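Coordinates as given in input_16.cif (mmCIF, C-alpha atoms):
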```
data_start
#
loop_
_atom_site.label_atom_id
_atom_site.label_comp_id
_atom_site.auth_asym_id
_atom_site.auth_seq_id
_atom_site.Cartn_x
_atom_site.Cartn_y
_atom_site.Cartn_z
CA MET T 1 152.17 66.60 -0.77
CA ASN T 2 151.50 64.83 2.50
CA LEU T 3 148.09 65.65 3.95
CA ARG T 4 148.96 64.27 7.39
CA GLU T 5 152.10 66.39 7.63
CA GLY T 6 149.98 69.37 6.65
CA VAL T 7 149.04 71.22 3.48
CA ILE T 8 147.44 74.63 3.01
CA ILE T 9 144.90 74.61 0.19
CA ALA T 10 142.97 77.65 -1.02
CA VAL T 11 139.73 77.25 -2.95
CA ASN T 12 137.38 79.78 -4.53
CA LYS T 13 134.19 79.12 -2.55
CA PRO T 14 131.12 79.16 -4.81
CA TYR T 15 128.00 81.24 -4.28
CA GLY T 16 125.25 79.63 -2.20
CA MET T 17 127.46 77.14 -0.34
CA SER T 18 128.49 77.42 3.30
CA SER T 19 132.15 77.34 4.25
CA PHE T 20 131.53 74.07 6.10
CA GLY T 21 129.82 72.64 3.03
CA ALA T 22 132.83 73.51 0.88
CA LEU T 23 135.20 72.06 3.48
CA ALA T 24 133.15 68.86 3.72
CA ARG T 25 133.24 68.37 -0.05
CA VAL T 26 137.01 68.88 -0.19
CA ARG T 27 137.51 66.50 2.76
CA TYR T 28 135.37 63.85 1.07
CA LEU T 29 137.27 64.08 -2.22
CA LEU T 30 140.69 64.02 -0.55
CA SER T 31 139.70 61.16 1.77
CA GLN T 32 138.42 59.13 -1.18
CA HIS T 33 141.70 59.73 -3.00
CA VAL T 34 144.12 58.81 -0.17
CA GLY T 35 142.01 56.12 1.50
CA TYR T 36 141.76 57.60 4.99
CA LYS T 37 139.72 60.37 6.64
CA VAL T 38 141.61 63.61 6.18
CA LYS T 39 141.81 66.02 9.12
CA ILE T 40 140.95 69.47 7.78
CA GLY T 41 139.77 72.90 8.96
CA HIS T 42 139.28 76.36 7.50
CA ALA T 43 140.91 79.65 8.46
CA GLY T 44 137.97 82.06 8.29
CA THR T 45 134.28 81.62 7.48
CA LEU T 46 132.60 83.04 4.39
CA ASP T 47 128.84 83.59 4.29
CA PRO T 48 126.92 81.25 1.96
CA LEU T 49 126.10 84.18 -0.36
CA ALA T 50 129.76 85.23 -0.53
CA THR T 51 132.41 83.85 -2.86
CA GLY T 52 136.19 83.92 -2.90
CA VAL T 53 139.26 82.85 -0.97
CA LEU T 54 138.63 80.04 1.52
CA VAL T 55 141.85 78.82 3.15
CA LEU T 56 141.86 75.15 4.19
CA CYS T 57 144.48 73.43 6.35
CA THR T 58 145.06 69.68 6.60
CA GLY T 59 146.80 67.48 9.16
CA LYS T 60 149.42 69.22 11.27
CA ALA T 61 148.79 72.49 9.40
CA THR T 62 145.48 72.80 11.30
CA LYS T 63 147.64 74.11 14.17
CA ARG T 64 148.22 77.20 12.03
CA ILE T 65 144.53 78.05 11.67
CA GLU T 66 144.44 80.52 14.55
CA SER T 67 147.43 82.48 13.24
CA LEU T 68 146.08 82.42 9.68
CA GLN T 69 142.77 83.86 10.90
CA GLU T 70 144.67 86.91 12.15
CA HIS T 71 145.83 87.78 8.64
CA THR T 72 144.45 90.84 6.88
CA LYS T 73 141.57 90.16 4.49
CA GLN T 74 140.41 92.02 1.39
CA TYR T 75 136.87 92.04 -0.01
CA LEU T 76 135.06 93.40 -3.04
CA ALA T 77 131.49 94.29 -2.07
CA THR T 78 128.54 95.73 -3.99
CA LEU T 79 125.98 97.60 -1.91
CA GLN T 80 122.40 98.45 -2.80
CA LEU T 81 121.41 101.81 -1.31
CA GLY T 82 117.85 102.80 -0.46
CA ALA T 83 116.73 99.59 1.25
CA THR T 84 117.54 97.17 4.08
CA THR T 85 117.05 93.47 4.80
CA PRO T 86 117.11 91.66 8.17
CA SER T 87 120.33 89.83 7.29
CA TYR T 88 121.95 92.84 5.53
CA ASP T 89 122.28 90.80 2.34
CA ARG T 90 120.02 89.00 -0.17
CA GLU T 91 119.30 86.02 2.08
CA HIS T 92 116.17 87.82 3.29
CA ASN T 93 113.64 90.07 1.54
CA ILE T 94 113.67 93.85 1.78
CA ASP T 95 112.05 95.05 5.00
CA ALA T 96 112.32 98.84 4.53
CA ARG T 97 112.95 101.39 1.77
CA PHE T 98 114.46 104.88 2.00
CA GLU T 99 114.95 108.04 -0.03
CA THR T 100 118.24 108.27 -1.96
CA SER T 101 117.92 111.51 -3.96
CA HIS T 102 120.23 113.34 -1.52
CA ILE T 103 123.18 110.98 -2.08
CA THR T 104 126.14 112.23 -4.12
CA ARG T 105 129.57 110.83 -4.95
CA GLU T 106 131.15 113.42 -2.66
CA MET T 107 128.86 112.41 0.22
CA ILE T 108 129.86 108.77 -0.25
CA ASP T 109 133.58 109.61 -0.28
CA THR T 110 133.23 111.54 2.98
CA THR T 111 131.11 108.85 4.62
CA LEU T 112 133.49 106.00 3.81
CA LEU T 113 136.31 107.80 5.62
CA GLN T 114 134.31 107.47 8.86
CA PHE T 115 134.73 103.70 8.76
CA THR T 116 138.52 103.40 8.49
CA GLY T 117 140.80 102.75 11.44
CA ASN T 118 139.94 101.04 14.71
CA ILE T 119 136.17 101.18 15.13
CA MET T 120 133.37 99.40 16.98
CA GLN T 121 130.95 97.20 15.02
CA VAL T 122 127.80 95.33 16.06
CA PRO T 123 127.81 91.91 14.33
CA PRO T 124 124.73 90.88 12.32
CA ALA T 125 122.03 89.09 14.29
CA TYR T 126 122.06 86.52 11.46
CA SER T 127 125.64 85.43 12.15
CA ALA T 128 127.57 82.61 13.77
CA CYS T 129 128.25 84.68 16.90
CA LYS T 130 127.37 82.77 20.03
CA VAL T 131 124.77 83.88 22.58
CA ASN T 132 124.91 81.77 25.75
CA GLY T 133 126.28 78.87 23.71
CA ASP T 134 123.79 79.17 20.82
CA ARG T 135 124.49 80.56 17.37
CA ALA T 136 122.81 83.94 16.87
CA TYR T 137 121.37 83.00 13.47
CA GLU T 138 119.78 79.85 14.93
CA LEU T 139 118.05 81.91 17.62
CA GLN T 140 116.87 84.44 15.04
CA ARG T 141 115.37 81.71 12.88
CA LYS T 142 113.50 80.42 15.92
CA GLY T 143 111.90 83.86 16.30
CA ARG T 144 113.98 85.03 19.26
CA VAL T 145 115.27 88.61 19.21
CA VAL T 146 119.05 88.68 19.42
CA GLU T 147 120.97 91.73 20.61
CA LEU T 148 124.73 91.49 20.08
CA GLN T 149 127.31 93.78 21.63
CA ALA T 150 129.64 95.97 19.57
CA LYS T 151 133.14 94.58 19.09
CA PRO T 152 136.39 96.33 18.14
CA ILE T 153 137.50 95.80 14.54
CA ARG T 154 140.13 97.30 12.25
CA ILE T 155 139.48 98.57 8.74
CA ASP T 156 142.69 99.58 6.99
CA GLU T 157 141.18 100.96 3.80
CA ILE T 158 137.93 101.38 1.90
CA LEU T 159 138.23 102.26 -1.78
CA LEU T 160 135.20 103.33 -3.82
CA GLU T 161 135.50 101.38 -7.06
CA ASP T 162 132.23 102.50 -8.64
CA PHE T 163 129.04 104.44 -7.91
CA ASP T 164 125.97 104.00 -10.14
CA ALA T 165 123.68 106.93 -9.34
CA GLY T 166 120.93 105.50 -11.54
CA GLN T 167 120.74 102.13 -9.79
CA MET T 168 121.96 103.54 -6.47
CA THR T 169 124.62 100.85 -6.11
CA LEU T 170 128.20 101.28 -5.03
CA ARG T 171 131.14 98.91 -5.22
CA ILE T 172 133.84 99.12 -2.57
CA ARG T 173 137.12 97.32 -1.91
CA VAL T 174 137.70 96.77 1.82
CA THR T 175 140.97 95.82 3.49
CA CYS T 176 140.35 94.81 7.09
CA GLY T 177 141.34 92.73 10.09
CA LYS T 178 139.86 89.67 11.76
CA GLY T 179 136.22 89.73 12.84
CA THR T 180 134.98 92.35 10.38
CA TYR T 181 131.50 91.69 8.99
CA ILE T 182 131.14 93.32 5.58
CA ARG T 183 127.35 92.88 5.86
CA ALA T 184 127.40 94.95 9.03
CA LEU T 185 129.64 97.50 7.32
CA ALA T 186 127.05 97.79 4.53
CA ARG T 187 124.36 98.35 7.16
CA ASP T 188 126.39 101.07 8.88
CA ILE T 189 127.36 102.84 5.64
CA GLY T 190 123.69 102.89 4.61
CA SER T 191 122.70 104.30 7.98
CA ALA T 192 125.38 107.00 7.78
CA LEU T 193 124.14 107.96 4.31
CA GLY T 194 120.57 108.17 5.62
CA SER T 195 119.40 105.67 3.03
CA GLY T 196 119.86 102.16 4.36
CA ALA T 197 121.90 99.60 2.44
CA TYR T 198 122.41 95.86 2.02
CA LEU T 199 124.89 93.63 0.22
CA LEU T 200 124.16 92.61 -3.35
CA SER T 201 127.38 90.62 -3.67
CA LEU T 202 130.57 89.90 -1.74
CA CYS T 203 133.85 88.31 -2.76
CA ARG T 204 136.90 87.75 -0.56
CA THR T 205 139.73 88.59 -2.92
CA ARG T 206 142.63 88.06 -0.53
CA SER T 207 143.43 86.39 2.79
CA GLY T 208 146.93 87.22 3.99
CA SER T 209 149.24 86.57 1.04
CA ILE T 210 146.73 84.28 -0.71
CA SER T 211 144.71 85.89 -3.51
CA LEU T 212 141.97 84.67 -5.82
CA ASP T 213 144.63 83.91 -8.43
CA ASP T 214 146.14 81.35 -6.02
CA CYS T 215 142.82 79.54 -5.48
CA ILE T 216 141.68 76.27 -6.97
CA ASP T 217 138.35 76.59 -8.76
CA PHE T 218 135.94 74.63 -6.58
CA ASP T 219 134.32 72.79 -9.50
CA ARG T 220 137.76 71.72 -10.73
CA PHE T 221 138.93 70.27 -7.42
CA PRO T 222 138.71 66.63 -8.61
CA GLU T 223 140.93 67.54 -11.58
CA TRP T 224 143.37 69.31 -9.26
CA ILE T 225 143.65 66.14 -7.15
CA ALA T 226 144.34 64.06 -10.25
CA GLU T 227 147.06 66.49 -11.38
CA ASN T 228 149.00 66.40 -8.10
CA GLU T 229 150.88 63.79 -6.06
CA ILE T 230 148.89 63.60 -2.85
CA GLU T 231 149.33 61.16 0.01
#
```
Represent the structure from my file as structure tokens, please.
Amino acid sequence: MNLREGVIIAVNKPYGMSSFGALARVRYLLSQHVGYKVKIGHAGTLDPLATGVLVLCTGKATKRIESLQEHTKQYLATLQLGATTPSYDREHNIDARFETSHITREMIDTTLLQFTGNIMQVPPAYSACKVNGDRAYELQRKGRVVELQAKPIRIDEILLEDFDAGQMTLRIRVTCGKGTYIRALARDIGSALGSGAYLLSLCRTRSGSISLDDCIDFDRFPEWIAENEIE
């Protein structure tokens, strides 16, 4: 495979690493192998606390990034009901707790239906959205209050995979379009249930036609390089 001509590589991004950090590691390993700095970009950011399909494009294939970002994505998310955090995930500590005794499986099924189709969603303040040229999360960390505007998104399907009434957790599989924040979806589902919610875990299981089964395990990337003819 010729990296300059363009190759699409999918890796399973590990927990706790940014998408840019994963990309930088792959670029370093490939560049060391071929002896020149490899041009590379990714087709859709994953939060540091998320895992799963990260699509990388090299060389001339970087021209395809914009079209690849338009592809439908699928996620497996676990939500904790009864509490919220500022970032809507475990990056920050719980800032409020709520009653959950009123929540039933039937109530959840009905609520999830409200979030399918073309809807408006306010992105998380702790996100890479830009505010007058600055990243929202950078402003938040500097103590500035960020108010983002709702944006149109598309959610094709939300399937309830599991509901643990004892722990008040629910696992959902979400099929959606570009620009959907699953953290914000967790926030909105919690609000609709009258209980608050935040993400316990998130995995992107598919991006377009690329699934987790097609991904290279991130820790095995050096072995993958050694097993393939790359130039």
Checklist entry - Can you tell me, as a ChimeraX atom specification, which residues sit within 10 Å of (116.8, 89.2, 6.8) in the file's frame, using all atoms listed in the file? => result /T:84-95,124-126,140-141,198
Keeping only C-alpha atoms, write the selected residues to a file as a PDB file, in the frame of the given file.
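Wrote it out as part_12.pdb, contents follow:
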```pdb
ATOM      1  CA  THR T  84     117.540  97.170   4.080  1.00  0.00           C
ATOM      2  CA  THR T  85     117.050  93.470   4.800  1.00  0.00           C
ATOM      3  CA  PRO T  86     117.110  91.660   8.170  1.00  0.00           C
ATOM      4  CA  SER T  87     120.330  89.830   7.290  1.00  0.00           C
ATOM      5  CA  TYR T  88     121.950  92.840   5.530  1.00  0.00           C
ATOM      6  CA  ASP T  89     122.280  90.800   2.340  1.00  0.00           C
ATOM      7  CA  ARG T  90     120.020  89.000  -0.170  1.00  0.00           C
ATOM      8  CA  GLU T  91     119.300  86.020   2.080  1.00  0.00           C
ATOM      9  CA  HIS T  92     116.170  87.820   3.290  1.00  0.00           C
ATOM     10  CA  ASN T  93     113.640  90.070   1.540  1.00  0.00           C
ATOM     11  CA  ILE T  94     113.670  93.850   1.780  1.00  0.00           C
ATOM     12  CA  ASP T  95     112.050  95.050   5.000  1.00  0.00           C
ATOM     13  CA  PRO T 124     124.730  90.880  12.320  1.00  0.00           C
ATOM     14  CA  ALA T 125     122.030  89.090  14.290  1.00  0.00           C
ATOM     15  CA  TYR T 126     122.060  86.520  11.460  1.00  0.00           C
ATOM     16  CA  GLN T 140     116.870  84.440  15.040  1.00  0.00           C
ATOM     17  CA  ARG T 141     115.370  81.710  12.880  1.00  0.00           C
ATOM     18  CA  TYR T 198     122.410  95.860   2.020  1.00  0.00           C
TER      19      TYR T 198
END
```
Next on the checklist: Can you tell me which residues surround Ala10 (chain T) at a distance of at most 8 Å, considering all atoms listed in the file, apart from same-chain residues fewer than 5 positions away, and format the answer as JSON, numbers by chain?
Outcome noted: {"T": [53, 54, 55, 56, 210, 214, 215, 216]}
Checklist entry - For Phe221 (chain T), which of T:His33, T:Arg204, T:Lys178, T:Arg4 is the closest residue, counting only C-alpha atoms? => result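 Nearest candidate to Phe221 (chain T) out of T:His33, T:Arg204, T:Lys178, T:Arg4: T:His33.
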Next on the checklist: Taking 2 positions as the minimum chain separation for residues in the same chain, which residues sit within 10 Å of Ile65 (chain T) when counting all atoms listed in the file? Answer as a VMD selection string.
Outcome noted: chain T and resid 8 41 to 44 55 to 58 61 to 63 67 to 70
Item to check | Counting all atoms listed in the file, the residue of T:Ile158, T:Ile172, T:Ala50, T:Ile182 that sits nearest Met17 (chain T) | outcome: T:Ala50
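This file gives the following result for the PyMOL selection byres ((chain T and resi 220) around 12): Val11, Asn12, Lys13, Pro14, Val26, Leu29, Cys215, Ile216, Asp217, Phe218, Asp219, Phe221, Pro222, Glu223, Trp224, Ile225, Ala226 and Glu227 of chain T.
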Next on the checklist: Expand the PyMOL selection byres ((chain T and resi 176) around 12) into the explicit residue set it covers here, and present it as a PyMOL selection string.
Outcome noted: chain T and resi 69-76+115-119+152-159+173-175+177-182+185+204-208
Checklist entry - Quick one, how far is CA of Thr100 (chain T) from CA of Leu160 (chain T)? => result 17.8 Å
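Here CA of Asp47 (chain T) is placed at a distance of 7.1 Å from CA of Ser19 (chain T).
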Checklist entry - For Pro48 (chain T), which of T:Leu3, T:Met107, T:Ile230, T:Ala22 is the closest residue, counting only C-alpha atoms? => result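 Result for the nearest residue to Pro48 (chain T): T:Ala22.
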Checklist entry - Could you work out how far CA of Leu23 (chain T) lies from CA of Glu229 (chain T), giving the answer in Å with one decimal? => result 20.1 Å
Take every atom of region 63-76 of chain T listed in the file, fit an axis-aligned box around them, add 6 Å per side, and give the centre and edge lengths in Å to one decimal as JSON.
```
{"center_x": 141.6, "center_y": 83.8, "center_z": 5.8, "size_x": 25.2, "size_y": 31.3, "size_z": 29.6}
```
Checklist entry - Closest to Ile108 (chain T) among T:Ala24, T:Ala165, T:Val38, T:Leu202, using only C-alpha atoms? => result T:Ala165
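Across T:Thr51, T:Ser31, T:Thr78, T:Asn2, the tightest approach to Asp164 (chain T) is made by T:Thr78 when counting all atoms listed in the file.
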